[in-house]
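S.K.: Below you'll find the structure I mean.
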Amino acid sequence: MRRKLAAGNWKMNGLTDTLGQVKALTDAHPDPQVDLLLCPPATLIAQMAWARGTHALQIGGQNCHAAATGAHTGDIAATMLKDAGASHVIVGHSERRADHGETDADVAAKALAAHAAGLIAIICLGETLAQREAGKALAVVTAQLKGSLPAGATAANTVIAYEPVWAIGTGKVPTLDQIGEVHGTLRGALRDMMREAEGVRLLYGGSVKASNAAEIFSVADVDGALVGGASLKAEDFSPIITALENA
Ligand code: PGA
């Protein structure tokens, strides 16, 4: 069985005074029945790792460089995230693909670096609105998966997050049928690409909130969520976690 994963992506939000949200979240879920992950800005990883104490909350980065060290001013290596207390790193988020021109090959190289550092890579993919309207969503996500999954990916070191670009931060969510169709397609593509395909967690992301979480989690092959805006406050994230526990 795949252990479900509720992951929060804080994006470029959060100063030290927001770390109180960690205590509120861990107090609300002292013994979570799903994997719980927060990906704060890199500046907060070490403090968040300290703030969680002995709680099972896991911490992730939002990006890493493909190289282990070197002359890359302003970048962060996967080993550094690990050293600061992270166990995961998001790679290939659509905001990175759009803002920094990251290609599938870049994403695969970053995921490879994450694996080499002992991190779980959360590989993000998803179609734009124009691609969906052109009937290309399934072809786009399948191509992104093939291009972004590095050699050596296993069920233990890799999570896939399907995040339609048009659903991120917009309040728009695909229909349950559309989510199920993409997740089923991704599972099928994984079967063609790796032996451990059944064990890979497939997250849905894009405008997940308390009011739609339970129905999204009822869809086959949805093993959790990558949550942006609704992960910033414990009071918003908590009911999503509970919905996943009850799914
Ligand atoms: P959102 O972001 O939940 O705010 O739509 C999701 C994401 O980008 O990971």
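Chain labels follow the order of the structure tokens: the first chain is A, the next B, and so on; residue numbering restarts at 1 in every chain, and ligands are counted from 1 in their shown order.
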Select the residues contacting ligand 1 at a distance of at most 10 Å, based on only C-alpha atoms and all ligand atoms, then format the selection as a PyMOL selection string.
M.R.: chain A and resi 7-11+39+62+90+93-95+124+161-173+204-209+225-232
S.K.: With only C-alpha atoms as the counted atoms, please give the residues lying no more than 10 Å from Gly14 (chain A), apart from itself and same-chain residues fewer than 6 positions off, as a VMD selection string.
M.R.: chain A and resid 40 to 41 43 to 44 232
S.K.: Within 10 Å of Ala116 (chain A), counting only C-alpha atoms, which residues qualify if same-chain residues fewer than 4 places away don't, as a PyMOL selection string?
M.R.: chain A and resi 68+78-79+110-112+120+152+157
S.K.: Keeping only N, CA and C atoms, write those residues as an mmCIF file, in the first residue's frame.
M.R.:
data_model
loop_
_atom_site.group_PDB
_atom_site.id
_atom_site.type_symbol
_atom_site.label_atom_id
_atom_site.label_comp_id
_atom_site.auth_asym_id
_atom_site.auth_seq_id
_atom_site.Cartn_x
_atom_site.Cartn_y
_atom_site.Cartn_z
ATOM 1 N N ALA A 68 26.565 19.093 -7.136
ATOM 2 C CA ALA A 68 26.713 18.863 -5.697
ATOM 3 C C ALA A 68 27.377 20.048 -4.995
ATOM 4 N N ALA A 78 21.470 19.990 -3.176
ATOM 5 C CA ALA A 78 20.615 19.039 -2.457
ATOM 6 C C ALA A 78 21.260 18.610 -1.139
ATOM 7 N N THR A 79 22.575 18.457 -1.153
ATOM 8 C CA THR A 79 23.265 18.059 0.084
ATOM 9 C C THR A 79 23.088 19.127 1.176
ATOM 10 N N LYS A 110 18.142 17.571 -11.566
ATOM 11 C CA LYS A 110 17.930 17.984 -10.179
ATOM 12 C C LYS A 110 17.431 16.816 -9.332
ATOM 13 N N ALA A 111 16.514 16.033 -9.899
ATOM 14 C CA ALA A 111 16.007 14.874 -9.158
ATOM 15 C C ALA A 111 17.133 13.876 -8.899
ATOM 16 N N LEU A 112 18.004 13.722 -9.882
ATOM 17 C CA LEU A 112 19.160 12.823 -9.718
ATOM 18 C C LEU A 112 20.059 13.313 -8.578
ATOM 19 N N ILE A 120 14.194 12.633 -1.041
ATOM 20 C CA ILE A 120 13.075 12.218 -1.883
ATOM 21 C C ILE A 120 12.741 13.378 -2.806
ATOM 22 N N GLY A 152 17.316 5.462 -11.996
ATOM 23 C CA GLY A 152 17.480 5.154 -10.577
ATOM 24 C C GLY A 152 16.309 5.595 -9.720
ATOM 25 N N ASN A 157 12.288 6.860 -3.421
ATOM 26 C CA ASN A 157 12.989 8.146 -3.552
ATOM 27 C C ASN A 157 12.276 9.152 -4.466
#
S.K.: Can you tell me, as a PyMOL selection string, what residues are no more than 10 Å from Pro30 (chain A) when counting only C-alpha atoms, ignoring any on the same chain fewer than 5 positions away?
M.R.: chain A and resi 25+55-57
S.K.: Put those residues in a file: all heavy atoms, as a compact mmCIF listing (two decimals), in the first residue's frame.
M.R.:
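Generated output (part-v7.txt):
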# COMPACT_ATOMS: atom_id res chain seq x y z
N LEU A 25 0.39 23.12 13.89
CA LEU A 25 0.10 21.95 13.05
C LEU A 25 0.45 20.64 13.78
O LEU A 25 -0.34 19.68 13.77
CB LEU A 25 0.90 22.05 11.74
CG LEU A 25 0.44 21.14 10.61
CD1 LEU A 25 -0.94 21.54 10.12
CD2 LEU A 25 1.43 21.19 9.46
N HIS A 55 8.44 15.38 16.49
CA HIS A 55 7.26 15.08 15.69
C HIS A 55 7.65 14.51 14.33
O HIS A 55 8.73 14.80 13.81
CB HIS A 55 6.43 16.36 15.50
CG HIS A 55 5.08 16.13 14.92
ND1 HIS A 55 4.86 16.04 13.57
CD2 HIS A 55 3.88 15.94 15.52
CE1 HIS A 55 3.57 15.80 13.36
NE2 HIS A 55 2.95 15.75 14.53
N ALA A 56 6.74 13.71 13.75
CA ALA A 56 7.03 13.04 12.47
C ALA A 56 6.99 13.97 11.27
O ALA A 56 7.27 13.54 10.14
CB ALA A 56 6.02 11.90 12.26
N LEU A 57 6.63 15.22 11.47
CA LEU A 57 6.62 16.18 10.36
C LEU A 57 7.94 16.13 9.59
O LEU A 57 9.02 16.19 10.19
CB LEU A 57 6.40 17.60 10.91
CG LEU A 57 6.54 18.73 9.88
CD1 LEU A 57 5.35 18.72 8.91
CD2 LEU A 57 6.65 20.09 10.58
S.K.: Name all residues at most 12 Å from Glu102 (chain A) (count only C-alpha atoms; drop same-chain ones fewer than 4 positions away) and give them as a PyMOL selection string.
M.R.: chain A and resi 63-66+91-98+106-110+124-125+144+147-148
S.K.: Return as a ChimeraX atom specification the full set of residues in region 40-185 of chain A whose backbone-based DSSP assignment is strand (DSSP E or B).
M.R.: /A:58-61,65,77,88-91,120-125,158-162
S.K.: The selected residues should be written to file as a short mmCIF file (atom, residue, chain, number, x, y, z; two decimals), in the first residue's frame (atoms: C-alpha atoms).
M.R.:
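Result file follows (result_27.cif):
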data_model
loop_
_atom_site.label_atom_id
_atom_site.label_comp_id
_atom_site.auth_asym_id
_atom_site.auth_seq_id
_atom_site.Cartn_x
_atom_site.Cartn_y
_atom_site.Cartn_z
CA GLN A 58 9.04 16.06 7.43
CA ILE A 59 10.65 19.09 5.83
CA GLY A 60 11.55 19.74 2.22
CA GLY A 61 13.23 22.26 -0.02
CA HIS A 65 20.87 22.72 -8.14
CA ALA A 77 22.73 22.01 -3.44
CA HIS A 88 12.49 15.97 0.45
CA VAL A 89 12.87 18.51 -2.32
CA ILE A 90 10.34 19.74 -4.86
CA VAL A 91 11.80 19.83 -8.38
CA ILE A 120 13.07 12.22 -1.88
CA ALA A 121 12.40 14.16 -5.08
CA ILE A 122 8.88 15.46 -5.63
CA ILE A 123 8.78 15.86 -9.40
CA CYS A 124 6.10 18.29 -10.56
CA LEU A 125 4.41 18.31 -13.92
CA THR A 158 10.44 9.67 -5.92
CA VAL A 159 6.99 11.25 -5.66
CA ILE A 160 5.14 12.67 -8.66
CA ALA A 161 2.91 15.73 -8.31
CA TYR A 162 0.37 16.47 -11.03
#
S.K.: Would you please work out which residue, of A:Ala220, A:Val34, A:Ala6, A:Val182, is nearest to Lys136 (chain A) when using only C-alpha atoms?
M.R.: A:Val182
S.K.: In Å, with one decimal, what is the gap from CA of Ala156 (chain A) to CA of Pro32 (chain A)?
M.R.: 19.3 Å
S.K.: Tell me which of A:Ala67, A:Ala24, A:Ala247, A:Ala105 sits closest to Glu235 (chain A), counting only C-alpha atoms.
M.R.: A:Ala24
S.K.: May I have all residues of region 4-33 of chain A that DSSP, computed from the backbone, assigns to alpha helix (DSSP H), given as a list in words?
M.R.: Gly20, Gln21, Val22, Lys23, Ala24, Leu25, Thr26, Asp27 and Ala28 of chain A
S.K.: Mind writing the picked residues with all heavy atoms as a compact mmCIF listing (two decimals), in the first residue's frame?
M.R.:
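Just written: again_23.txt:
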# COMPACT_ATOMS: atom_id res chain seq x y z
N GLY A 20 5.42 29.60 14.24
CA GLY A 20 4.35 29.19 15.15
C GLY A 20 3.35 28.27 14.48
O GLY A 20 2.69 27.46 15.14
N GLN A 21 3.25 28.36 13.16
CA GLN A 21 2.33 27.48 12.43
C GLN A 21 2.76 26.01 12.55
O GLN A 21 1.93 25.11 12.47
CB GLN A 21 2.28 27.89 10.94
CG GLN A 21 1.69 29.27 10.71
CD GLN A 21 0.28 29.42 11.26
OE1 GLN A 21 -0.53 28.49 11.20
NE2 GLN A 21 0.00 30.58 11.83
N VAL A 22 4.07 25.80 12.72
CA VAL A 22 4.56 24.42 12.85
C VAL A 22 4.06 23.82 14.16
O VAL A 22 3.57 22.68 14.19
CB VAL A 22 6.10 24.40 12.79
CG1 VAL A 22 6.63 23.00 13.02
CG2 VAL A 22 6.58 24.93 11.45
N LYS A 23 4.14 24.60 15.21
CA LYS A 23 3.66 24.11 16.51
C LYS A 23 2.15 23.87 16.45
O LYS A 23 1.64 22.84 16.92
CB LYS A 23 4.01 25.11 17.61
CG LYS A 23 3.51 24.63 18.97
CD LYS A 23 4.10 25.40 20.12
CE LYS A 23 3.40 25.14 21.45
NZ LYS A 23 2.91 23.78 21.67
N ALA A 24 1.43 24.81 15.84
CA ALA A 24 -0.03 24.65 15.74
C ALA A 24 -0.37 23.38 14.96
O ALA A 24 -1.29 22.63 15.34
CB ALA A 24 -0.63 25.88 15.07
N LEU A 25 0.39 23.12 13.89
CA LEU A 25 0.10 21.95 13.05
C LEU A 25 0.45 20.64 13.78
O LEU A 25 -0.34 19.68 13.77
CB LEU A 25 0.90 22.05 11.74
CG LEU A 25 0.44 21.14 10.61
CD1 LEU A 25 -0.94 21.54 10.12
CD2 LEU A 25 1.43 21.19 9.46
N THR A 26 1.62 20.63 14.40
CA THR A 26 2.02 19.39 15.07
C THR A 26 1.17 19.14 16.32
O THR A 26 0.88 17.98 16.65
CB THR A 26 3.52 19.41 15.43
OG1 THR A 26 3.82 20.61 16.17
CG2 THR A 26 4.38 19.37 14.18
N ASP A 27 0.72 20.20 16.97
CA ASP A 27 -0.18 20.03 18.12
C ASP A 27 -1.53 19.47 17.66
O ASP A 27 -2.14 18.64 18.34
CB ASP A 27 -0.43 21.36 18.83
CG ASP A 27 0.74 21.75 19.74
OD1 ASP A 27 1.68 20.93 19.86
OD2 ASP A 27 0.72 22.86 20.30
N ALA A 28 -1.98 19.94 16.48
CA ALA A 28 -3.28 19.49 15.97
C ALA A 28 -3.23 18.05 15.47
O ALA A 28 -4.25 17.36 15.41
CB ALA A 28 -3.75 20.42 14.85
